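What follows is the content of entry22.txt, which has compact mmCIF, C-alpha atoms:
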```txt
# COMPACT_ATOMS: atom_id res chain seq x y z
CA MET Z 163 7.50 -17.15 -32.76
CA ASP Z 164 6.96 -14.58 -30.04
CA VAL Z 165 3.29 -13.51 -30.13
CA SER Z 166 4.12 -9.96 -29.01
CA ASN Z 167 6.62 -9.08 -31.79
CA SER Z 168 6.62 -12.05 -34.23
CA GLU Z 169 10.35 -12.63 -33.60
CA PRO Z 170 11.56 -16.21 -34.09
CA LEU Z 171 12.35 -18.16 -30.93
CA ILE Z 172 15.78 -19.70 -31.45
CA GLY Z 173 16.31 -23.01 -29.65
CA ALA Z 174 12.67 -23.71 -28.76
CA ASN Z 175 11.97 -27.37 -27.92
CA VAL Z 176 9.61 -29.20 -30.30
CA TYR Z 177 8.49 -32.82 -29.81
CA TRP Z 178 5.55 -35.15 -30.20
CA GLU Z 179 3.70 -35.72 -26.94
CA GLY Z 180 4.52 -39.17 -25.61
CA LYS Z 181 7.68 -39.40 -27.74
CA SER Z 182 9.95 -36.91 -26.00
CA THR Z 183 13.08 -38.80 -27.11
CA SER Z 184 12.63 -37.74 -30.74
CA GLY Z 185 12.42 -33.97 -30.23
CA VAL Z 186 14.27 -31.15 -32.04
CA VAL Z 187 15.09 -27.48 -31.42
CA THR Z 188 14.32 -24.56 -33.71
CA ASN Z 189 17.10 -23.03 -35.85
CA LEU Z 190 18.18 -19.35 -36.18
CA GLU Z 191 15.05 -18.59 -38.18
CA GLY Z 192 12.76 -20.31 -35.67
CA LYS Z 193 12.08 -23.20 -38.07
CA PHE Z 194 12.25 -26.94 -37.44
CA GLU Z 195 11.77 -30.28 -39.17
CA LEU Z 196 10.39 -33.19 -37.22
CA GLU Z 197 9.89 -36.83 -38.14
CA LEU Z 198 6.26 -37.45 -39.03
CA ILE Z 199 4.32 -39.98 -36.95
CA PRO Z 200 0.81 -41.38 -37.45
CA LEU Z 201 -1.65 -38.47 -37.25
CA PRO Z 202 -3.58 -37.05 -35.50
CA ALA Z 203 -0.97 -36.43 -32.80
CA ARG Z 204 -0.20 -33.71 -30.24
CA LEU Z 205 2.80 -31.46 -30.91
CA VAL Z 206 4.44 -29.75 -27.91
CA ILE Z 207 6.47 -26.53 -28.25
CA SER Z 208 8.21 -25.05 -25.22
CA TYR Z 209 10.69 -22.24 -24.64
CA VAL Z 210 12.14 -20.86 -21.43
CA GLY Z 211 10.15 -17.83 -20.25
CA PHE Z 212 7.19 -18.63 -22.51
CA GLU Z 213 4.00 -20.61 -22.00
CA ARG Z 214 4.08 -24.13 -23.35
CA SER Z 215 1.92 -24.77 -26.41
CA VAL Z 216 0.28 -28.11 -27.23
CA ARG Z 217 -1.50 -28.39 -30.57
CA VAL Z 218 -3.24 -31.33 -32.23
CA ILE Z 219 -1.85 -31.88 -35.76
CA ASN Z 220 -4.12 -33.58 -38.33
CA GLN Z 221 -3.19 -34.99 -41.73
CA LYS Z 222 -4.28 -31.80 -43.56
CA ASP Z 223 -2.16 -29.62 -41.21
CA ALA Z 224 0.98 -31.64 -42.02
CA GLU Z 225 0.77 -30.79 -45.75
CA LYS Z 226 1.56 -27.07 -45.33
CA PRO Z 227 3.87 -24.95 -43.13
CA ILE Z 228 2.36 -24.01 -39.78
CA ARG Z 229 3.33 -21.04 -37.61
CA PHE Z 230 3.26 -21.37 -33.88
CA TYR Z 231 3.11 -18.36 -31.57
CA LEU Z 232 4.05 -18.52 -27.91
CA LYS Z 233 3.03 -16.00 -25.23
CA GLN Z 234 5.48 -14.84 -22.59
CA GLU Z 235 4.87 -16.51 -19.28
CA GLU Z 236 3.55 -14.21 -16.58
CA MET Z 237 5.72 -14.63 -13.51
CA SER Z 238 5.59 -12.76 -10.29
CA LEU Z 239 7.82 -13.23 -7.31
CA ASP Z 240 7.01 -12.66 -3.68
CA GLU Z 241 8.44 -9.54 -2.14
CA ILE Z 242 11.92 -9.91 -0.69
CA ILE Z 243 13.11 -7.48 1.94
CA ILE Z 244 16.82 -7.26 2.65
CA GLN Z 245 17.79 -5.32 5.73
CA GLU Z 246 20.99 -4.73 7.55
CA ARG Z 247 21.61 -3.75 11.11
CA LYS Z 248 22.27 -0.09 11.46
CA PRO Z 249 25.82 0.70 12.64
CA ASP Z 250 24.48 2.73 15.58
CA GLU Z 251 21.80 0.21 16.59
CA GLN Z 252 23.75 -0.85 19.69
CA LEU Z 253 23.97 2.78 20.80
CA LYS Z 254 20.23 3.37 20.45
CA ASN Z 255 19.18 -0.01 21.79
CA MET Z 256 18.22 -0.19 25.48
CA GLU Z 257 19.86 -3.60 25.78
CA MET Z 258 23.38 -2.37 25.20
CA GLY Z 259 25.91 -4.76 26.72
CA LYS Z 260 23.41 -7.62 26.87
CA ALA Z 261 24.80 -11.00 25.88
CA SER Z 262 22.77 -14.13 25.23
CA ILE Z 263 23.73 -17.78 25.08
CA PRO Z 264 21.37 -20.10 23.15
CA ILE Z 265 20.04 -23.04 25.17
CA GLU Z 266 21.52 -25.45 22.60
CA THR Z 267 25.01 -24.17 23.44
CA ILE Z 268 24.39 -24.55 27.17
CA LYS Z 269 23.12 -28.13 26.72
CA ASN Z 270 26.32 -29.09 24.87
CA ILE Z 271 28.58 -28.05 27.78
CA PRO Z 272 29.93 -31.00 29.81
CA ALA Z 273 27.81 -31.38 32.96
CA LEU Z 274 28.77 -32.21 36.54
CA PHE Z 275 26.39 -34.66 38.28
CA GLY Z 276 24.09 -34.72 35.25
CA GLU Z 277 23.06 -31.06 35.26
CA VAL Z 278 24.62 -28.15 33.42
CA ASP Z 279 25.74 -25.31 35.68
CA LEU Z 280 24.29 -22.10 34.28
CA PHE Z 281 26.78 -19.84 36.06
CA ARG Z 282 29.71 -21.93 34.79
CA SER Z 283 28.35 -21.65 31.25
CA LEU Z 284 28.31 -17.85 31.58
CA GLN Z 285 32.10 -17.98 31.85
CA LEU Z 286 32.15 -18.79 28.13
CA LEU Z 287 31.18 -15.20 27.38
CA PRO Z 288 34.00 -12.75 26.75
CA GLY Z 289 35.04 -10.75 29.81
CA VAL Z 290 33.34 -13.03 32.36
CA GLN Z 291 35.41 -14.64 35.14
CA THR Z 292 34.65 -16.40 38.39
CA ALA Z 293 36.05 -15.49 41.79
CA GLY Z 294 37.40 -19.01 42.17
CA GLU Z 295 36.35 -22.60 42.82
CA GLY Z 296 33.39 -23.01 45.15
CA THR Z 297 32.07 -19.47 44.69
CA THR Z 298 29.09 -18.35 42.65
CA GLY Z 299 30.20 -14.77 42.08
CA LEU Z 300 30.95 -13.63 38.54
CA PHE Z 301 33.17 -10.73 37.60
CA VAL Z 302 32.10 -9.13 34.33
CA ARG Z 303 34.68 -6.93 32.59
CA GLY Z 304 36.53 -6.12 35.79
CA GLY Z 305 33.45 -5.29 37.87
CA SER Z 306 32.51 -6.86 41.16
CA ALA Z 307 30.04 -9.72 41.73
CA ASP Z 308 27.34 -7.37 43.09
CA GLN Z 309 27.28 -5.26 39.91
CA ASN Z 310 25.51 -7.95 37.81
CA LEU Z 311 21.78 -8.25 37.31
CA VAL Z 312 20.58 -11.86 37.42
CA GLN Z 313 16.99 -12.51 36.37
CA LEU Z 314 14.91 -15.66 36.62
CA ASP Z 315 11.93 -15.58 34.23
CA GLY Z 316 12.19 -11.79 34.10
CA ALA Z 317 12.26 -11.31 37.89
CA PRO Z 318 15.49 -10.05 39.46
CA VAL Z 319 17.40 -12.42 41.72
CA TYR Z 320 19.20 -10.10 44.11
CA ASN Z 321 21.73 -12.56 45.50
CA PRO Z 322 21.99 -15.68 43.36
CA SER Z 323 24.45 -17.39 45.69
CA HIS Z 324 21.95 -17.21 48.59
CA PHE Z 325 19.14 -18.29 46.26
CA PHE Z 326 20.78 -21.63 45.58
CA ARG Z 327 21.81 -22.15 49.20
CA HIS Z 328 18.19 -21.89 50.39
CA ILE Z 329 16.96 -24.36 47.81
CA PHE Z 330 19.57 -26.98 48.68
CA SER Z 331 19.85 -26.37 52.43
CA PHE Z 332 19.82 -29.41 54.71
```

Now that the file is in, can you turn its structure into structure tokens?
Amino acid sequence: MDVSNSEPLIGANVYWEGKSTSGVVTNLEGKFELELIPLPARLVISYVGFERSVRVINQKDAEKPIRFYLKQEEMSLDEIIIQERKPDEQLKNMEMGKASIPIETIKNIPALFGEVDLFRSLQLLPGVQTAGEGTTGLFVRGGSADQNLVQLDGAPVYNPSHFFRHIFSF
């Protein structure tokens, strides 16, 4: 029975501890009949949402009806916060028009001479085109190659095509 209102718990599990294969469930009135085993023995009563009860039954207890009361189990869940992006977030955000490619995506692109070309991987973004083979300029959404900001570790690279020429000059 429910300890808070003395209502019968329909379908509660009742079994002898150590003999879980011979258990029963309570009927519509919260009553049950269970095969008697050598006493004293421990009787287990459980019900979803209630604390499990384990009681030792002696020979004198088995001669009369016994009432069992279960307390509701106290459960608390951690706080869950569900948020959505505001429809006007892109308008208020200072990084409007910024596009990012995860490094995992860049590493999966077929590489020439063993290294992935970062500027070639940028062509995967919508609206990005190259001027042609052998050039490092990128045209973003119809703009010219000098209208793009290229940063390396947060520092602007003013002319990325000259940057790579100086590194690999012979």

Which polymer residues have any atom within 8 Å of an atom of segment 201-204 of chain Z, counting only C-alpha atoms, with same-chain residues fewer than 6 positions away left out, as a PyMOL selection string? chain Z and resi 178-179+216-221

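The smallest atom-to-atom distance between Asp223 of chain Z and any of Z:Leu198, Z:Met237, Z:Ile268, Z:Val210, using all atoms listed in the file, is found for Z:Leu198.
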
Would you list the residues near (8.9, -16.1, -19.9), meaning any protein, DNA or RNA residue with an atom at most 8 Å from that point in file coordinates, counting all atoms listed in the file, as a VMD selection string? chain Z and resid 209 to 213 233 to 237

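Distance-wise, atom CA of Tyr177 of chain Z and atom CA of Ile207 of chain Z end up 6.8 Å apart.
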
Give me, as a PyMOL selection string, all polymer residues having an atom no more than 8 Å from Ser208 of chain Z, counting all atoms listed in the file and skipping those fewer than 4 positions away in the same chain. chain Z and resi 174-176+212-215

Neighbouring residues of segment 273-281 of chain Z were defined as those with any atom within 9 Å, considering only C-alpha atoms; residues of the same chain fewer than 5 positions away were excluded. Please report them as a PyMOL selection string. chain Z and resi 268+292+298-300

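In this comparison, which uses only C-alpha atoms, the residue of Z:Lys269, Z:Lys222, Z:Arg229, Z:Arg303 approaching Gly192 of chain Z most closely is Z:Arg229.
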
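Reported to one decimal place, the separation of atom CA of Ser283 of chain Z from atom CA of Asn270 of chain Z is 10.0 Å.
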
Computed interatomic separation between atom CA of Phe230 of chain Z and atom CA of Leu196 of chain Z (Å): 14.2 Å

Using all atoms listed in the file, find the one residue out of Z:Gln309, Z:Ser262, Z:Asn189, Z:Gln245 that sits nearest to Met163 of chain Z. Z:Asn189

Centre and edge lengths of an axis-aligned box around all listed atoms of segment 227-232 of chain Z, with 6 Å added on each side, are to be given in Å to one decimal, as lines of an AutoDock Vina configuration file.
```
center_x = 3.2
center_y = -21.7
center_z = -35.5
size_x = 13.7
size_y = 18.6
size_z = 27.2
```

Atoms are missing here; could segment 285-310 of chain Z be completed with N, CA and C atoms and written as a tab-separated table (two decimals), in the frame of the given file?
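So the final result, stored in result-v2.tsv, reads:
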```tsv
chain	number	residue	atom	x	y	z
Z	285	GLN	N	30.66	-18.26	31.96
Z	285	GLN	CA	32.10	-17.98	31.85
Z	285	GLN	C	32.60	-18.12	30.42
Z	286	LEU	N	31.78	-18.69	29.54
Z	286	LEU	CA	32.15	-18.79	28.13
Z	286	LEU	C	32.07	-17.45	27.41
Z	287	LEU	N	31.32	-16.52	27.99
Z	287	LEU	CA	31.18	-15.20	27.38
Z	287	LEU	C	32.45	-14.40	27.57
Z	288	PRO	N	32.78	-13.55	26.61
Z	288	PRO	CA	34.00	-12.75	26.75
Z	288	PRO	C	33.91	-11.79	27.93
Z	289	GLY	N	34.97	-11.70	28.69
Z	289	GLY	CA	35.04	-10.75	29.81
Z	289	GLY	C	34.41	-11.24	31.09
Z	290	VAL	N	33.98	-12.50	31.16
Z	290	VAL	CA	33.34	-13.03	32.36
Z	290	VAL	C	34.30	-14.00	33.04
Z	291	GLN	N	34.52	-13.77	34.35
Z	291	GLN	CA	35.41	-14.64	35.14
Z	291	GLN	C	34.74	-14.96	36.46
Z	292	THR	N	35.17	-16.04	37.08
Z	292	THR	CA	34.65	-16.40	38.39
Z	292	THR	C	35.66	-15.99	39.46
Z	293	ALA	N	35.17	-15.87	40.68
Z	293	ALA	CA	36.05	-15.49	41.79
Z	293	ALA	C	36.96	-16.64	42.18
Z	294	GLY	N	36.60	-17.84	41.83
Z	294	GLY	CA	37.40	-19.01	42.17
Z	294	GLY	C	36.50	-20.21	42.35
Z	295	GLU	N	37.12	-21.37	42.63
Z	295	GLU	CA	36.35	-22.60	42.82
Z	295	GLU	C	35.49	-22.49	44.08
Z	296	GLY	N	34.27	-22.99	43.98
Z	296	GLY	CA	33.39	-23.01	45.15
Z	296	GLY	C	32.62	-21.72	45.36
Z	297	THR	N	32.81	-20.72	44.53
Z	297	THR	CA	32.07	-19.47	44.69
Z	297	THR	C	31.13	-19.30	43.50
Z	298	THR	N	30.06	-18.57	43.73
Z	298	THR	CA	29.09	-18.35	42.65
Z	298	THR	C	29.20	-16.94	42.06
Z	299	GLY	N	30.07	-16.13	42.58
Z	299	GLY	CA	30.20	-14.77	42.08
Z	299	GLY	C	30.86	-14.72	40.71
Z	300	LEU	N	30.38	-13.83	39.87
Z	300	LEU	CA	30.95	-13.63	38.54
Z	300	LEU	C	31.45	-12.20	38.41
Z	301	PHE	N	32.63	-12.05	37.86
Z	301	PHE	CA	33.17	-10.73	37.60
Z	301	PHE	C	33.07	-10.47	36.11
Z	302	VAL	N	32.31	-9.45	35.74
Z	302	VAL	CA	32.10	-9.13	34.33
Z	302	VAL	C	32.89	-7.88	34.00
Z	303	ARG	N	33.84	-8.02	33.08
Z	303	ARG	CA	34.68	-6.93	32.59
Z	303	ARG	C	35.29	-6.11	33.72
Z	304	GLY	N	35.80	-6.80	34.71
Z	304	GLY	CA	36.53	-6.12	35.79
Z	304	GLY	C	35.65	-5.59	36.90
Z	305	GLY	N	34.34	-5.75	36.80
Z	305	GLY	CA	33.45	-5.29	37.87
Z	305	GLY	C	33.43	-6.26	39.02
Z	306	SER	N	32.62	-5.96	40.01
Z	306	SER	CA	32.51	-6.86	41.16
Z	306	SER	C	31.26	-7.72	40.99
Z	307	ALA	N	31.14	-8.75	41.84
Z	307	ALA	CA	30.04	-9.72	41.73
Z	307	ALA	C	28.69	-9.08	42.00
Z	308	ASP	N	28.63	-7.99	42.79
Z	308	ASP	CA	27.34	-7.37	43.09
Z	308	ASP	C	26.89	-6.35	42.04
Z	309	GLN	N	27.65	-6.21	40.97
Z	309	GLN	CA	27.28	-5.26	39.91
Z	309	GLN	C	26.57	-5.95	38.73
Z	310	ASN	N	26.17	-7.21	38.87
Z	310	ASN	CA	25.51	-7.95	37.81
Z	310	ASN	C	24.03	-8.12	38.13
```
